[in-house]
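One structure is given here, and the rest of the page talks about it.
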Amino acid sequence: MVKQFNIKEHRLGCNLQFSPKGRIALMFLKHYAGCSDQKLIEQLNGNLDYQFFCDILLGYKRITNYKIVSQIRGELACQLNINDLEKHLYNHWAGFISHPEQATTDATCYESELRYPTNQKLLWEAVSWLYNQLRRTCRALLLLLEKFIAFESQLQKGHNLDFAPNYYKRMATIKTVCKQQALHFKTGKKIENRIVSISKPYLRPIVRGKEVKPVEFGAKVNKLQIDGINFIEHISFDAFNEGTRLQSTIYRTQSLTHKKLRVLGADAIYATNKNRNYVTKHNIKTDFKRKGPKPKGYKEEKTLKALITKERATRLEGSFGKEKEHYHLKKVKAKTKANEILWIFFGIHTANALEIGRRMQKAEQKQAA
């Protein structure tokens, strides 16, 4: 993975203390421990097993800068290539994955940490941020005026201040929010491509249709599973219809396994006429409900469909809750789009790595017996 991420020791700039291997290990440890960056560093300081895993030996030293986790996350996020990395992981785990010609697929939303975005809260957040920025600007101008009173006439003509790039990005977001909310207020029409957070303008409402939580805010992931091991087929912060991604899921599975897919489990949203024709043409068995009259021998087909549905419902859908509850994906706390994607990637593959580890242990115990 170090080679795939293309990270090296830093000769210039701040010292991240961790080796390239240790930086990647720290990201896995983050999701294994399921705690904040500060708590992770506190545990690392006092746990020799964690230090060994992260390729670092502190001795009597202690890491005091817990922001180092965020710095490493930002570095890796810039180098993340999900397709290449997952191919590398699959090749490494292939010996412990049975039935590579069978897969299941479904989509879920890994929610970002975000207060619920009502129009009033969003507008107040924009007003509050801009008010504080203007206060700082006015104070800076006042101090500047006191120091350079002799140049008052020049200041009256105009003085351009050079702000940080993030300032201009935030201002562009606020202007968009203002336009969207003004149009909604005047017309009452639904806001298209609605911004729900000025700090995370890439987030969009993901309508899930659940009774308890009809709308979620985060990255939607179309995931495929091969023998209980999960891979990301598609990830997007914009809503998408996962039913249109069945063919790309099949291509992705076959590119990982280098075997023809024979069995695919997917829920009803994938069962479009186009997808039905495709799987029939390529002789792929699914758990789609059959249309029209039942053929001879349907009893055996029905039994197979029930087994596929059970596999999808228990292992694949169960993995969503497992990753969210136990591998730090219930609320993604990263602050940028790239870091959120990296956070989700390591959460999913931390769960995979532990499952592969358990399989390795069982294989060793079996050989020893």
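By order in the structure tokens, chains are A, B, ...; within a chain, residues start at 1; ligands start at 1, following the order shown.
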
For this session: Would you list, as a ChimeraX atom specification, the residues of range 239-275 of chain A that end up in strand (DSSP E) under DSSP run on this structure's backbone?
Result: /A:263-266

Problem set entry | alpha helix (DSSP H) positions in range 179-368 of chain A, given as a PyMOL selection string | chain A and resi 179-187+246-257+273-281+298-311+317-326+337-368

Exercise. Can you tell me, as number ranges by chain, what residues are no more than 12 Å from Thr280 in chain A when counting only C-alpha atoms, ignoring any on the same chain fewer than 3 positions away?
Worked result: A: 262-264, 271, 273-277, 283-286, 288, 290

Just write the chosen residues, all heavy atoms, as a CSV table (one decimal), in the first residue's frame.
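The result, stored in again31.csv:
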```csv
chain,number,residue,atom,x,y,z
A,262,ARG,N,-20.9,-15.4,-11.9
A,262,ARG,CA,-22.0,-16.3,-12.2
A,262,ARG,C,-23.3,-16.0,-11.4
A,262,ARG,O,-24.4,-16.3,-11.8
A,262,ARG,CB,-21.5,-17.7,-11.8
A,262,ARG,CG,-20.4,-18.2,-12.6
A,262,ARG,CD,-20.7,-18.4,-14.1
A,262,ARG,NE,-19.6,-19.0,-14.9
A,262,ARG,CZ,-19.7,-19.1,-16.2
A,262,ARG,NH1,-20.7,-18.7,-16.9
A,262,ARG,NH2,-18.6,-19.6,-16.8
A,263,VAL,N,-23.1,-15.5,-10.1
A,263,VAL,CA,-24.2,-15.2,-9.3
A,263,VAL,C,-24.1,-13.8,-8.7
A,263,VAL,O,-23.0,-13.4,-8.3
A,263,VAL,CB,-24.3,-16.2,-8.1
A,263,VAL,CG1,-25.4,-15.9,-7.1
A,263,VAL,CG2,-24.4,-17.6,-8.6
A,264,LEU,N,-25.2,-13.0,-8.7
A,264,LEU,CA,-25.2,-11.7,-8.2
A,264,LEU,C,-26.5,-11.4,-7.5
A,264,LEU,O,-27.6,-11.6,-8.0
A,264,LEU,CB,-25.1,-10.6,-9.4
A,264,LEU,CG,-25.1,-9.2,-9.0
A,264,LEU,CD1,-23.9,-8.8,-8.1
A,264,LEU,CD2,-25.2,-8.3,-10.2
A,271,ALA,N,-33.5,-4.2,-10.4
A,271,ALA,CA,-34.2,-5.1,-11.3
A,271,ALA,C,-34.9,-4.4,-12.4
A,271,ALA,O,-36.1,-4.6,-12.7
A,271,ALA,CB,-35.1,-6.0,-10.5
A,273,ASN,N,-35.6,-3.5,-16.5
A,273,ASN,CA,-35.7,-4.3,-17.7
A,273,ASN,C,-34.3,-4.4,-18.4
A,273,ASN,O,-33.9,-5.5,-18.9
A,273,ASN,CB,-36.7,-3.8,-18.7
A,273,ASN,CG,-38.1,-4.0,-18.2
A,273,ASN,OD1,-38.4,-4.9,-17.4
A,273,ASN,ND2,-39.1,-3.2,-18.7
A,274,LYS,N,-33.6,-3.3,-18.4
A,274,LYS,CA,-32.3,-3.3,-19.0
A,274,LYS,C,-31.3,-4.2,-18.3
A,274,LYS,O,-30.6,-5.0,-18.9
A,274,LYS,CB,-31.7,-1.8,-19.0
A,274,LYS,CG,-30.4,-1.7,-19.7
A,274,LYS,CD,-29.9,-0.2,-19.7
A,274,LYS,CE,-28.6,-0.1,-20.3
A,274,LYS,NZ,-28.1,1.4,-20.3
A,275,ASN,N,-31.3,-4.2,-17.0
A,275,ASN,CA,-30.5,-5.0,-16.2
A,275,ASN,C,-30.9,-6.5,-16.3
A,275,ASN,O,-30.0,-7.4,-16.3
A,275,ASN,CB,-30.5,-4.6,-14.7
A,275,ASN,CG,-29.7,-3.3,-14.5
A,275,ASN,OD1,-28.9,-2.9,-15.3
A,275,ASN,ND2,-30.0,-2.5,-13.4
A,276,ARG,N,-32.2,-6.7,-16.3
A,276,ARG,CA,-32.7,-8.1,-16.4
A,276,ARG,C,-32.2,-8.7,-17.8
A,276,ARG,O,-31.7,-9.9,-17.8
A,276,ARG,CB,-34.2,-8.1,-16.4
A,276,ARG,CG,-34.8,-7.9,-15.0
A,276,ARG,CD,-36.3,-7.8,-15.1
A,276,ARG,NE,-36.9,-7.5,-13.8
A,276,ARG,CZ,-37.3,-8.4,-12.9
A,276,ARG,NH1,-37.1,-9.7,-13.2
A,276,ARG,NH2,-37.9,-8.1,-11.8
A,277,ASN,N,-32.3,-8.0,-18.8
A,277,ASN,CA,-31.8,-8.4,-20.1
A,277,ASN,C,-30.3,-8.7,-20.1
A,277,ASN,O,-29.8,-9.7,-20.7
A,277,ASN,CB,-32.2,-7.4,-21.2
A,277,ASN,CG,-33.7,-7.3,-21.5
A,277,ASN,OD1,-34.4,-8.2,-21.2
A,277,ASN,ND2,-34.1,-6.2,-22.0
A,283,ASN,N,-25.9,-14.9,-18.7
A,283,ASN,CA,-26.1,-16.1,-17.9
A,283,ASN,C,-25.7,-15.9,-16.4
A,283,ASN,O,-25.0,-16.7,-15.8
A,283,ASN,CB,-25.4,-17.3,-18.5
A,283,ASN,CG,-25.9,-18.6,-17.9
A,283,ASN,OD1,-27.0,-18.7,-17.5
A,283,ASN,ND2,-25.0,-19.6,-17.9
A,284,ILE,N,-26.1,-14.8,-15.8
A,284,ILE,CA,-25.8,-14.5,-14.4
A,284,ILE,C,-27.1,-14.7,-13.6
A,284,ILE,O,-28.1,-14.1,-13.9
A,284,ILE,CB,-25.3,-13.0,-14.3
A,284,ILE,CG1,-24.0,-12.8,-15.1
A,284,ILE,CG2,-25.1,-12.7,-12.8
A,284,ILE,CD1,-23.5,-11.4,-15.1
A,285,LYS,N,-27.0,-15.5,-12.6
A,285,LYS,CA,-28.1,-15.8,-11.7
A,285,LYS,C,-28.3,-14.7,-10.7
A,285,LYS,O,-27.3,-14.2,-10.1
A,285,LYS,CB,-27.9,-17.1,-11.0
A,285,LYS,CG,-27.6,-18.3,-11.9
A,285,LYS,CD,-28.8,-18.7,-12.8
A,285,LYS,CE,-28.6,-19.9,-13.6
A,285,LYS,NZ,-29.7,-20.2,-14.5
A,286,THR,N,-29.5,-14.2,-10.5
A,286,THR,CA,-29.8,-13.2,-9.6
A,286,THR,C,-31.0,-13.6,-8.7
A,286,THR,O,-31.6,-14.6,-8.9
A,286,THR,CB,-30.2,-11.8,-10.3
A,286,THR,OG1,-31.5,-12.0,-10.9
A,286,THR,CG2,-29.1,-11.5,-11.3
A,288,PHE,N,-33.6,-11.5,-8.5
A,288,PHE,CA,-34.7,-10.6,-9.0
A,288,PHE,C,-36.0,-11.5,-9.1
A,288,PHE,O,-36.0,-12.6,-9.5
A,288,PHE,CB,-34.4,-10.1,-10.4
A,288,PHE,CG,-33.2,-9.2,-10.5
A,288,PHE,CD1,-32.6,-8.9,-11.7
A,288,PHE,CD2,-32.7,-8.5,-9.3
A,288,PHE,CE1,-31.5,-8.1,-11.8
A,288,PHE,CE2,-31.6,-7.7,-9.4
A,288,PHE,CZ,-31.0,-7.5,-10.6
A,290,ARG,N,-39.1,-12.9,-10.6
A,290,ARG,CA,-39.4,-13.2,-12.0
A,290,ARG,C,-40.7,-12.5,-12.5
A,290,ARG,O,-41.7,-12.5,-11.7
A,290,ARG,CB,-39.5,-14.7,-12.2
A,290,ARG,CG,-39.8,-15.1,-13.6
A,290,ARG,CD,-39.8,-16.6,-13.8
A,290,ARG,NE,-38.5,-17.1,-13.9
A,290,ARG,CZ,-37.8,-17.2,-15.0
A,290,ARG,NH1,-38.3,-16.7,-16.1
A,290,ARG,NH2,-36.6,-17.7,-15.0
```

For this session: For Tyr90 in chain A, list every protein, DNA or RNA residue within 10 Å, evaluated using only C-alpha atoms, and leave out those in the same chain fewer than 6 positions away; present the list as a PyMOL selection string.
Result: chain A and resi 96-97+226+229-231+256-257

Problem set entry | Given only C-alpha atoms as the counted atoms, nearest of A:Asn45, A:Glu192, A:Lys220, A:Ile269 to Ile232 in chain A | A:Lys220

For this session: Mind giving me the straight-line distance from CA of Asn6 in chain A to CA of Lys330 in chain A in Å, one decimal?
Result: 29.2 Å

For this session: Skip Asn222 in chain A itself and residues of its chain fewer than 4 positions away, then list as a PyMOL selection string all residues within 7 Å of it, counting only C-alpha atoms.
Result: chain A and resi 106-108+232-235+242

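For the residues A:Glu311, A:Glu340, A:Ala126, A:Arg135, ranking by smallest atom-to-atom distance to Met171 in chain A using only C-alpha atoms places A:Ala126 first.
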
Problem set entry | Pick from A:Lys289, A:Lys190, A:Arg23, A:Lys333, whichever lies nearest to Lys302 in chain A using only C-alpha atoms |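 Checking each of A:Lys289, A:Lys190, A:Arg23, A:Lys333 against Lys302 in chain A, counting only C-alpha atoms, the winner is A:Lys289.
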
For this session: Tell me which protein, DNA and RNA residues are within 7 Å of Ala266 in chain A, counting only C-alpha atoms, leaving out same-chain ones fewer than 2 positions away, and put them as a VMD selection string.
Result: chain A and resid 104 to 106 264 268 270 287

Problem set entry | All residues 9 Å or closer to Lys260 in chain A, only C-alpha atoms, same chain fewer than 6 positions away omitted, as a ChimeraX atom specification | /A:100-101,250,253-254

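Nearest residue to Ser236 in chain A among A:Tyr327, A:Phe346, A:Tyr110, A:Tyr116 is A:Tyr110, counting only C-alpha atoms.
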
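Take CA of Glu325 in chain A and CA of Lys337 in chain A: the distance between them is 21.7 Å.
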
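Pairwise distance (CA of Lys189 in chain A, CA of Lys175 in chain A) equals 18.7 Å.
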
Problem set entry | Residue with smallest distance to Thr314 in chain A - pool A:Gln71, A:Gln225, A:Gln365, A:Gln43, counting only C-alpha atoms |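 Using only C-alpha atoms, the shortest distance to Thr314 in chain A belongs to A:Gln225.
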